[in-house]
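As stored in protein-v9.txt (compact mmCIF, C-alpha atoms):
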```txt
# COMPACT_ATOMS: atom_id res chain seq x y z
CA MET V 1374 14.47 -47.29 9.82
CA GLY V 1375 12.85 -48.77 6.73
CA ARG V 1376 9.15 -48.96 7.35
CA GLU V 1377 7.14 -49.03 4.15
CA VAL V 1378 3.75 -47.70 3.18
CA ALA V 1379 1.60 -48.69 0.20
CA GLU V 1380 1.73 -46.21 -2.65
CA SER V 1381 -2.05 -45.98 -2.77
CA CYS V 1382 -1.89 -44.41 0.69
CA ILE V 1383 0.29 -41.61 -0.64
CA ASP V 1384 -2.08 -41.10 -3.58
CA GLY V 1385 -5.03 -41.05 -1.18
CA VAL V 1386 -3.43 -38.52 1.16
CA ILE V 1387 -2.50 -36.17 -1.68
CA ILE V 1388 -5.91 -36.33 -3.33
CA GLU V 1389 -7.63 -35.74 0.01
CA MET V 1390 -5.29 -32.85 0.85
CA VAL V 1391 -6.00 -31.07 -2.42
CA SER V 1392 -9.71 -31.71 -2.08
CA ALA V 1393 -9.81 -30.55 1.55
CA TYR V 1394 -7.93 -27.32 0.86
CA CYS V 1395 -9.90 -26.52 -2.30
CA LYS V 1396 -13.38 -27.45 -1.22
CA ARG V 1397 -13.44 -27.08 2.53
CA PHE V 1398 -10.76 -24.79 3.94
CA TYR V 1399 -10.45 -22.17 1.24
CA ALA V 1400 -13.48 -22.94 -0.93
CA THR V 1401 -13.99 -19.31 -1.86
CA LYS V 1402 -10.32 -18.43 -2.27
CA PRO V 1403 -8.55 -20.84 -4.61
CA GLU V 1404 -5.36 -18.75 -4.70
CA LEU V 1405 -4.94 -19.15 -0.95
CA ALA V 1406 -5.59 -22.89 -1.21
CA ALA V 1407 -2.92 -23.10 -3.90
CA ARG V 1408 -0.45 -21.19 -1.76
CA ARG V 1409 -1.07 -23.37 1.29
CA ILE V 1410 -0.62 -26.56 -0.73
CA GLU V 1411 2.58 -25.20 -2.24
CA ALA V 1412 3.84 -24.30 1.25
CA ILE V 1413 3.20 -27.85 2.42
CA GLY V 1414 5.18 -29.09 -0.58
CA TYR V 1415 7.97 -26.63 0.27
CA GLN V 1416 8.41 -28.06 3.75
CA VAL V 1417 8.30 -31.64 2.46
CA GLY V 1418 10.90 -30.91 -0.21
CA HIS V 1419 13.06 -29.09 2.33
CA GLN V 1420 13.13 -32.11 4.64
CA LEU V 1421 13.40 -34.76 1.93
CA ILE V 1422 16.45 -33.18 0.32
CA GLU V 1423 18.20 -33.27 3.70
CA ARG V 1424 17.65 -37.03 3.80
CA TYR V 1425 18.60 -37.79 0.21
CA THR V 1426 21.85 -35.84 0.17
CA VAL V 1427 23.50 -37.69 3.04
CA GLU V 1428 26.87 -39.16 2.08
CA ARG V 1429 26.95 -37.13 -1.07
CA PRO V 1430 29.71 -34.70 -2.01
CA ARG V 1431 28.58 -31.11 -2.29
CA PHE V 1432 27.34 -29.76 -5.61
CA SER V 1433 29.64 -27.42 -7.44
CA ASP V 1434 27.00 -25.41 -9.30
CA HIS V 1435 23.30 -25.00 -10.01
CA LEU V 1436 23.33 -27.42 -12.92
CA GLU V 1437 24.71 -30.21 -10.73
CA ALA V 1438 21.98 -29.60 -8.18
CA ILE V 1439 19.25 -29.64 -10.85
CA LYS V 1440 20.69 -32.84 -12.30
CA PHE V 1441 20.56 -34.38 -8.85
CA ILE V 1442 16.89 -33.41 -8.62
CA CYS V 1443 16.23 -34.93 -12.05
CA LYS V 1444 17.97 -38.20 -11.37
CA ASP V 1445 18.33 -39.29 -7.76
CA PHE V 1446 15.67 -37.17 -6.10
CA TRP V 1447 13.03 -37.97 -8.72
CA SER V 1448 13.83 -41.70 -8.59
CA GLU V 1449 13.52 -41.73 -4.83
CA LEU V 1450 10.14 -40.03 -5.04
CA PHE V 1451 8.65 -41.51 -8.21
CA LYS V 1452 10.85 -44.51 -9.04
CA LYS V 1453 11.85 -42.97 -12.35
CA GLN V 1454 14.02 -40.12 -13.56
CA ILE V 1455 13.04 -36.95 -15.29
CA ASP V 1456 12.82 -37.73 -19.00
CA ASN V 1457 14.02 -34.47 -20.42
CA LEU V 1458 15.91 -31.49 -19.03
CA LYS V 1459 16.25 -28.26 -20.96
CA THR V 1460 17.98 -25.09 -19.93
CA ASN V 1461 18.62 -21.70 -21.41
CA HIS V 1462 21.85 -21.41 -19.39
CA ARG V 1463 20.53 -18.20 -17.91
CA GLY V 1464 18.76 -19.59 -14.88
CA THR V 1465 15.70 -21.26 -16.41
CA PHE V 1466 15.34 -25.04 -16.43
CA VAL V 1467 12.50 -27.12 -17.80
CA LEU V 1468 12.10 -30.58 -16.28
CA GLN V 1469 9.83 -32.78 -18.32
CA ASP V 1470 8.32 -35.98 -17.01
CA ASN V 1471 6.51 -37.91 -19.74
CA ARG V 1472 4.33 -39.81 -17.35
CA PHE V 1473 4.00 -37.99 -14.07
CA ARG V 1474 3.10 -40.54 -11.47
CA TRP V 1475 0.65 -38.45 -9.48
CA LEU V 1476 -1.32 -37.46 -12.56
CA THR V 1477 -1.70 -40.92 -14.10
CA ARG V 1478 -5.16 -41.31 -12.60
CA VAL V 1479 -6.44 -37.89 -13.64
CA SER V 1480 -9.19 -38.09 -16.20
CA ILE V 1481 -8.54 -36.05 -19.35
CA ASP V 1482 -12.13 -36.35 -20.45
CA PRO V 1483 -13.94 -33.05 -19.78
CA SER V 1484 -17.43 -34.29 -20.67
CA LEU V 1485 -18.17 -35.25 -17.05
CA ASP V 1486 -18.25 -31.59 -16.02
CA ILE V 1487 -21.03 -30.56 -18.40
CA ASN V 1488 -23.68 -30.24 -15.64
CA GLU V 1489 -21.65 -27.90 -13.51
CA ALA V 1490 -20.57 -25.81 -16.45
CA SER V 1491 -24.11 -25.06 -17.56
CA LEU V 1492 -24.88 -23.40 -14.21
CA GLU V 1493 -22.01 -20.97 -14.45
CA SER V 1494 -21.23 -18.27 -16.95
CA SER V 1495 -20.47 -19.32 -20.46
CA ALA V 1496 -16.86 -18.27 -20.11
CA VAL V 1497 -16.07 -21.33 -18.00
CA THR V 1498 -15.85 -24.26 -20.34
CA PRO V 1499 -15.59 -27.88 -19.23
CA GLU V 1500 -11.99 -27.97 -20.42
CA ASN V 1501 -11.12 -25.02 -18.20
CA LYS V 1502 -12.62 -26.60 -15.13
CA ALA V 1503 -10.79 -29.86 -15.73
CA ALA V 1504 -7.54 -27.99 -16.26
CA GLU V 1505 -8.11 -25.92 -13.13
CA ALA V 1506 -8.82 -29.01 -11.05
CA THR V 1507 -5.73 -30.74 -12.38
CA SER V 1508 -3.52 -27.74 -11.83
CA MET V 1509 -4.45 -27.75 -8.15
CA HIS V 1510 -2.76 -31.12 -7.90
CA LEU V 1511 0.45 -29.71 -9.29
CA TYR V 1512 1.09 -27.14 -6.59
CA PHE V 1513 2.33 -29.84 -4.25
CA PRO V 1514 5.11 -31.19 -6.52
CA CYS V 1515 6.06 -27.63 -7.47
CA GLY V 1516 6.44 -26.88 -3.77
CA ILE V 1517 8.54 -29.99 -3.29
CA ILE V 1518 10.95 -28.93 -6.02
CA ARG V 1519 11.11 -25.37 -4.68
CA GLY V 1520 11.76 -26.58 -1.12
CA ALA V 1521 14.45 -28.99 -2.26
CA LEU V 1522 16.29 -26.36 -4.30
CA SER V 1523 16.09 -23.67 -1.62
CA ASN V 1524 17.58 -26.01 0.92
CA LEU V 1525 20.46 -26.56 -1.49
CA GLY V 1526 20.95 -22.82 -1.54
CA ILE V 1527 19.18 -22.05 -4.84
CA PRO V 1528 16.16 -19.76 -4.39
CA CYS V 1529 13.79 -20.20 -7.29
CA ALA V 1530 10.21 -20.13 -8.52
CA VAL V 1531 8.64 -23.30 -9.89
CA SER V 1532 5.58 -23.57 -12.09
CA ALA V 1533 4.02 -26.49 -13.91
CA ASP V 1534 2.72 -26.91 -17.41
CA ILE V 1535 0.18 -29.56 -18.34
CA SER V 1536 -0.53 -28.95 -21.98
CA ASN V 1537 -0.37 -32.62 -22.76
CA LEU V 1538 -1.28 -35.05 -20.01
CA PRO V 1539 0.06 -37.36 -18.67
CA ALA V 1540 3.30 -35.60 -19.51
CA CYS V 1541 4.08 -32.72 -17.22
CA SER V 1542 6.77 -30.05 -17.34
CA PHE V 1543 8.09 -28.13 -14.38
CA VAL V 1544 9.67 -24.79 -15.15
CA VAL V 1545 12.28 -23.70 -12.61
CA ARG V 1546 13.38 -20.07 -12.67
CA VAL V 1547 16.39 -19.44 -10.48
CA LYS V 1548 16.27 -16.09 -8.71
CA ALA V 1549 19.53 -14.29 -9.24
CA MET C 78 36.53 -37.70 25.13
CA ILE C 79 34.23 -35.47 23.22
CA ALA C 80 33.83 -32.13 24.87
CA CYS C 81 31.15 -30.60 22.72
CA VAL C 82 29.11 -31.02 19.55
CA ALA C 83 27.32 -28.29 17.67
CA VAL C 84 25.01 -27.97 14.69
CA VAL C 85 25.03 -24.62 12.93
CA GLY C 86 22.64 -23.64 10.16
CA HIS C 87 23.53 -22.12 6.85
CA GLN C 88 23.18 -18.57 8.10
CA ASN C 89 25.52 -19.42 10.97
CA ASN C 90 22.55 -19.65 13.31
CA PRO C 91 23.01 -22.23 16.08
CA LEU C 92 20.64 -25.15 15.85
CA TYR C 93 22.00 -27.39 18.54
CA LEU C 94 24.78 -27.00 21.06
CA GLN C 95 25.60 -29.63 23.62
CA SER C 96 28.63 -29.93 25.83
CA PHE C 97 29.59 -33.14 27.53
CA THR C 98 32.00 -31.95 30.19
CA GLU C 99 30.89 -31.14 33.68
CA ALA C 100 33.39 -28.35 34.02
CA ASP C 101 32.47 -24.70 33.79
CA ASP C 102 34.24 -24.14 30.53
CA ALA C 103 31.04 -24.48 28.53
CA LEU C 104 31.43 -20.85 27.51
CA LYS C 105 34.95 -21.47 26.28
CA LEU C 106 33.68 -24.38 24.20
CA HIS C 107 30.97 -22.22 22.68
CA HIS C 108 33.62 -19.66 21.83
CA ILE C 109 35.76 -22.31 20.15
CA VAL C 110 32.78 -23.45 18.11
CA HIS C 111 32.11 -19.88 17.06
CA CYS C 112 35.70 -19.35 15.93
CA SER C 113 35.69 -22.57 13.97
CA LEU C 114 32.80 -21.25 11.87
CA ASP C 115 35.20 -18.72 10.38
CA VAL C 116 37.67 -21.47 9.58
CA ILE C 117 34.97 -23.43 7.79
CA ASP C 118 33.94 -20.43 5.72
CA GLU C 119 37.52 -19.85 4.74
CA ARG C 120 38.06 -23.48 3.78
CA VAL C 121 34.93 -23.59 1.68
CA ASN C 122 35.49 -20.32 -0.11
CA ASN C 123 39.19 -20.75 -0.85
CA PRO C 124 39.62 -24.30 -2.01
CA LYS C 125 42.93 -23.59 -3.69
CA ARG C 126 44.65 -22.97 -0.39
CA SER C 127 43.72 -26.26 1.20
CA VAL C 128 44.44 -29.72 -0.08
CA LEU C 129 41.07 -31.32 0.37
CA THR C 130 38.78 -31.90 -2.58
CA LEU C 131 36.22 -29.26 -3.37
CA ASN C 132 33.16 -31.24 -2.60
CA GLU C 133 33.80 -33.44 0.35
CA THR C 134 31.46 -33.25 3.28
CA PHE C 135 34.07 -34.08 5.92
CA LEU C 136 36.30 -31.06 6.42
CA GLY C 137 38.79 -32.66 8.77
CA LEU C 138 40.75 -30.99 11.51
CA LEU C 139 39.84 -27.34 11.55
CA PHE C 140 42.37 -26.08 14.00
CA PRO C 141 44.15 -27.49 17.02
CA THR C 142 44.28 -25.49 20.22
CA GLU C 143 46.46 -26.40 23.15
CA SER C 144 44.08 -28.93 24.65
CA TYR C 145 41.35 -29.49 22.06
CA LYS C 146 40.95 -30.62 18.50
CA VAL C 147 38.09 -29.28 16.42
CA PHE C 148 36.63 -31.21 13.50
CA GLY C 149 34.14 -29.95 10.98
CA TYR C 150 31.62 -31.45 8.57
CA LEU C 151 29.54 -29.59 6.03
CA THR C 152 26.39 -31.06 4.52
CA ASN C 153 24.94 -30.38 1.11
CA THR C 154 22.37 -28.12 2.65
CA LYS C 155 25.10 -25.92 4.12
CA VAL C 156 24.51 -27.15 7.66
CA LYS C 157 27.71 -27.42 9.66
CA PHE C 158 28.50 -29.98 12.31
CA ILE C 159 31.35 -29.18 14.67
CA MET C 160 32.93 -31.56 17.12
CA VAL C 161 35.40 -30.56 19.81
CA THR C 162 37.36 -33.35 21.39
CA THR C 163 39.94 -33.47 24.15
CA ASP C 164 41.60 -36.59 22.74
CA LEU C 165 44.85 -35.60 21.20
CA ASP C 166 45.36 -38.67 19.05
CA VAL C 167 42.05 -39.50 17.50
CA LYS C 168 41.83 -41.52 14.29
CA ASP C 169 40.37 -39.96 11.16
CA ALA C 170 38.18 -42.99 10.50
CA ASP C 171 36.61 -42.74 13.95
CA VAL C 172 35.72 -39.10 13.43
CA ARG C 173 34.25 -39.82 10.01
CA SER C 174 32.04 -42.58 11.36
CA PHE C 175 31.00 -40.30 14.21
CA PHE C 176 29.89 -37.65 11.74
CA ARG C 177 28.09 -40.20 9.60
CA ARG C 178 25.99 -41.36 12.54
CA PHE C 179 25.48 -37.80 13.69
CA HIS C 180 24.26 -36.84 10.23
CA ALA C 181 21.75 -39.70 10.27
CA ALA C 182 20.42 -38.57 13.66
CA TYR C 183 20.23 -34.98 12.41
CA VAL C 184 18.27 -35.97 9.30
CA ASP C 185 15.78 -37.88 11.43
CA ALA C 186 15.38 -34.92 13.78
CA VAL C 187 14.83 -32.47 10.92
CA SER C 188 12.28 -34.74 9.23
CA ASN C 189 10.01 -34.22 12.22
CA PRO C 190 7.00 -32.32 10.85
CA PHE C 191 6.80 -30.30 14.05
CA HIS C 192 10.35 -29.05 13.71
CA VAL C 193 10.55 -25.55 12.31
CA PRO C 194 13.53 -25.19 9.98
CA GLY C 195 15.86 -22.52 11.32
CA LYS C 196 14.80 -22.91 14.92
CA LYS C 197 16.72 -24.91 17.49
CA ILE C 198 16.31 -28.66 17.54
CA ALA C 199 14.23 -29.39 20.61
CA SER C 200 13.84 -33.11 20.25
CA ARG C 201 14.77 -35.17 23.28
CA ILE C 202 15.14 -38.24 21.11
CA PHE C 203 17.80 -36.44 19.11
CA ALA C 204 19.60 -35.44 22.30
CA GLY C 205 19.44 -39.05 23.46
CA ARG C 206 20.83 -40.37 20.18
CA VAL C 207 23.63 -37.84 20.20
CA SER C 208 24.62 -38.86 23.75
CA GLY C 209 24.64 -42.46 22.61
CA ILE C 210 26.87 -41.69 19.63
CA VAL C 211 29.24 -39.67 21.82
CA LYS C 212 29.48 -42.54 24.31
CA THR C 213 30.31 -45.11 21.62
CA PHE C 214 32.91 -42.75 20.21
CA ALA C 215 34.56 -42.48 23.59
CA LEU C 216 34.49 -46.26 24.00
CA GLY C 217 35.89 -46.76 20.51
CA THR C 218 38.90 -44.56 21.05
CA ASN C 219 39.67 -45.92 24.49
CA GLY C 220 39.41 -49.55 23.42
```
Please express what this file holds, its structure, as C-alpha cells.
Amino acid sequence: MGREVAESCIDGVIIEMVSAYCKRFYATKPELAARRIEAIGYQVGHQLIERYTVERPRFSDHLEAIKFICKDFWSELFKKQIDNLKTNHRGTFVLQDNRFRWLTRVSIDPSLDINEASLESSAVTPENKAAEATSMHLYFPCGIIRGALSNLGIPCAVSADISNLPACSFVVRVKA
Amino acid sequence: MIACVAVVGHQNNPLYLQSFTEADDALKLHHIVHCSLDVIDERVNNPKRSVLTLNETFLGLLFPTESYKVFGYLTNTKVKFIMVTTDLDVKDADVRSFFRRFHAAYVDAVSNPFHVPGKKIASRIFAGRVSGIVKTFALGTNG
C-alpha cells in the first residue's frame, strides 16, 4: 500500500538488533546470537522474495534465480545492483558488492578498541575485535539471501567475506 | 460463480481452502482441488506436451469436469493457487486478473511476521480480501 519509512530507521533497527542479540540476549554465546540473527534474516528474505517475484515468469535454472537476486532483489533492498557475480558453474556463486549499504557507517579504524584489548589475552588484537563486531552485522544479509533462495527452491549456505571494507562478498554454496 | 479457491504450498501442503457454495459438496470441491494438483505437476514437469510457455505463472484451464472449470496459477516460489468455478464460459482475462489480485492478497498475508511459513493462513483480513475478490469476479462475469 506504499507507506514509506526513512532509511535511517532501518539502519537503527538493524544496529540495535545486532547489539541486543550480541550484548544482551546471548552475551556469553556469540555463536547462538549469530544463528538467531541469521534466522531472522532467513524469514525476512523468505517473505521479501514472495513480494518481489509477483508478476514474474518462473526461473528456468539456478543461474537465473541468482541473477534475479543480484539485479532486481538487490536494487529493491539497497537501491543498487550487485557489482560483480562470479561462479564456478558447480554450485558456488560469489556476489560482490563494492559498497555494501549497511556497512558504509562501520569504522575501519581499530585504534578505538585498544582499551578493551589490553584487558584480554594478547591473542585478541584490536583488528580481530573490529572484524568480529563487523561480521556480526553480516549475518542478517546472509540470512536474507539464504531465505530468498530457499523460497525459490534452491537450498544453500551463505557466508560473507569482508577482507576489504566497504566492499563485501557473499559466497553462496548451493546444496546439491 | 466461483465455487472454491485454494492455496497449496510447494510440498503440496494445503495453506488455505475456502469454498463459496452453501451446498454440501465442499468435500467434492476439495477432491477436485486435490486432483488438479497432479495436473499442475504434470504440466510443469512436461512442458513439451503442452503449448504454454515454460515460465508463465498462469497455467490456464487445468481440466474441465461436467459442471466445473478448474484454473491454476503457479508462483515463483512454487505456491499453487487453484480456482474452481461453476461458470462455463468465463473469459481468460477475467481469470488472470482474479489471480493477480489473489496473488497480491496472498503476498500481504505471508508478509505478516506472525505467519509461520508452511502453516495454514489464519488471517481474517486475508479471508475478507479473498471474499471481496471473489464477489467482484462474480459481478464482472455477470455484467
Q) Taking only C-alpha atoms into account, which residues of chain C are within 10 Å of chain V, as number ranges by chain? A) C: 87, 130-135, 151-156, 177, 180-181, 183-190, 192-194
(Q) I'd like to know which of C:Leu106, C:Leu138, C:Val84, C:Val116 is closest to Lys168 of chain C, using only C-alpha atoms. (A)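 Checking each candidate against Lys168 of chain C, we get C:Leu138 as the closest.
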**Q.** Best match for closeness to Lys1452 of chain V among V:Lys1402, V:Ala1533, V:Leu1436, V:Arg1472, counting only C-alpha atoms
**A.**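 Among the listed residues, V:Arg1472 lies closest to Lys1452 of chain V.
With atom CA of Leu114 of chain C on one side and atom CA of Cys1529 of chain V on the other, the separation reads 27.0 Å.
Using all atoms listed in the file for every distance, the candidate list C:Thr163, C:Asn90, C:Thr142, C:Gln95 yields C:Thr142 as the residue closest to Ile109 of chain C.
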**Q.** Two-atom distance - atom CA of Asn1537 of chain V, atom CA of Ser1508 of chain V (Å)
**A.**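 One can read the atom CA of Asn1537 of chain V to atom CA of Ser1508 of chain V distance as 12.4 Å.
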Q: Please identify all polymer residues lying at most 6 Å from the point (33.9, -43.9, 15.5) (file coordinates), using all atoms listed in the file, and present the result as a list in words.
A: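 Applying the cut-off with all atoms listed in the file, one gets Asp171, Val172, Ser174, Phe175 and Phe214 of chain C.
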Could the residues in this selection be saved with C-alpha atoms as a compact mmCIF listing (two decimals), keeping the file's coordinate frame?
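The file below, out-v6.txt, is the result:
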```txt
# COMPACT_ATOMS: atom_id res chain seq x y z
CA ASP C 171 36.61 -42.74 13.95
CA VAL C 172 35.72 -39.10 13.43
CA SER C 174 32.04 -42.58 11.36
CA PHE C 175 31.00 -40.30 14.21
CA PHE C 214 32.91 -42.75 20.21
```
Using the file's own x, y and z axes, what box holds all listed atoms of segment 174-183 of chain C with 4 Å on each side, keeping edges along x, y and z, and what are its centre and edge lengths in Å to one decimal, as lines of an AutoDock Vina configuration file?
```
center_x = 26.1
center_y = -38.8
center_z = 11.9
size_x = 19.8
size_y = 15.6
size_z = 12.6
```
Q.
Using only C-alpha atoms for the distances, tell me which of V:Gln1454, V:Thr1460, V:Thr1507, V:Ser1448 is nearest to Leu1538 of chain V.
A. V:Thr1507
(Q) Just to confirm, what's the straight-line distance from atom CA of Gly1418 of chain V to atom CA of His1435 of chain V in Å (one decimal)? (A)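 For atom CA of Gly1418 of chain V relative to atom CA of His1435 of chain V, the distance reads 16.9 Å.
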Q.
Using only C-alpha atoms, can you tell me which of C:Ile159, C:Lys105, C:Phe97, C:Gly86 comes closest to Gly209 of chain C?
A.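 Closest residue, counting only C-alpha atoms: C:Phe97.
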Just the residues within 12 Å of Thr1477 of chain V, please, counting all atoms listed in the file, with nothing from its chain fewer than 3 positions along; format it as a PDB file with C-alpha atoms, keeping the file's coordinate frame.
```pdb
ATOM      1  CA  ASP V1384      -2.080 -41.100  -3.580  1.00  0.00           C
ATOM      2  CA  PHE V1451       8.650 -41.510  -8.210  1.00  0.00           C
ATOM      3  CA  ASP V1470       8.320 -35.980 -17.010  1.00  0.00           C
ATOM      4  CA  ASN V1471       6.510 -37.910 -19.740  1.00  0.00           C
ATOM      5  CA  ARG V1472       4.330 -39.810 -17.350  1.00  0.00           C
ATOM      6  CA  PHE V1473       4.000 -37.990 -14.070  1.00  0.00           C
ATOM      7  CA  ARG V1474       3.100 -40.540 -11.470  1.00  0.00           C
ATOM      8  CA  SER V1480      -9.190 -38.090 -16.200  1.00  0.00           C
ATOM      9  CA  ILE V1481      -8.540 -36.050 -19.350  1.00  0.00           C
ATOM     10  CA  THR V1507      -5.730 -30.740 -12.380  1.00  0.00           C
ATOM     11  CA  HIS V1510      -2.760 -31.120  -7.900  1.00  0.00           C
ATOM     12  CA  LEU V1538      -1.280 -35.050 -20.010  1.00  0.00           C
ATOM     13  CA  PRO V1539       0.060 -37.360 -18.670  1.00  0.00           C
ATOM     14  CA  ALA V1540       3.300 -35.600 -19.510  1.00  0.00           C
ATOM     15  CA  CYS V1541       4.080 -32.720 -17.220  1.00  0.00           C
TER      16      CYS V1541
END
```
Q) How would you write as a list of chain:residue names the residues that get within 12 Å of (19.0, -36.4, -12.4) in the file's frame, counting all atoms listed in the file? A) V:Leu1436, V:Glu1437, V:Ala1438, V:Ile1439, V:Lys1440, V:Phe1441, V:Ile1442, V:Cys1443, V:Lys1444, V:Asp1445, V:Phe1446, V:Trp1447, V:Ser1448, V:Glu1449, V:Lys1452, V:Lys1453, V:Gln1454, V:Ile1455, V:Asp1456, V:Asn1457, V:Leu1458, V:Leu1468, V:Gln1469, V:Asp1470
Q) For Pro1514 of chain V, which of V:Leu1450, V:Ala1406, V:Val1467, V:Ile1527 is the closest residue, counting only C-alpha atoms? A)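 For Pro1514 of chain V, the nearest of the given residues is V:Leu1450.
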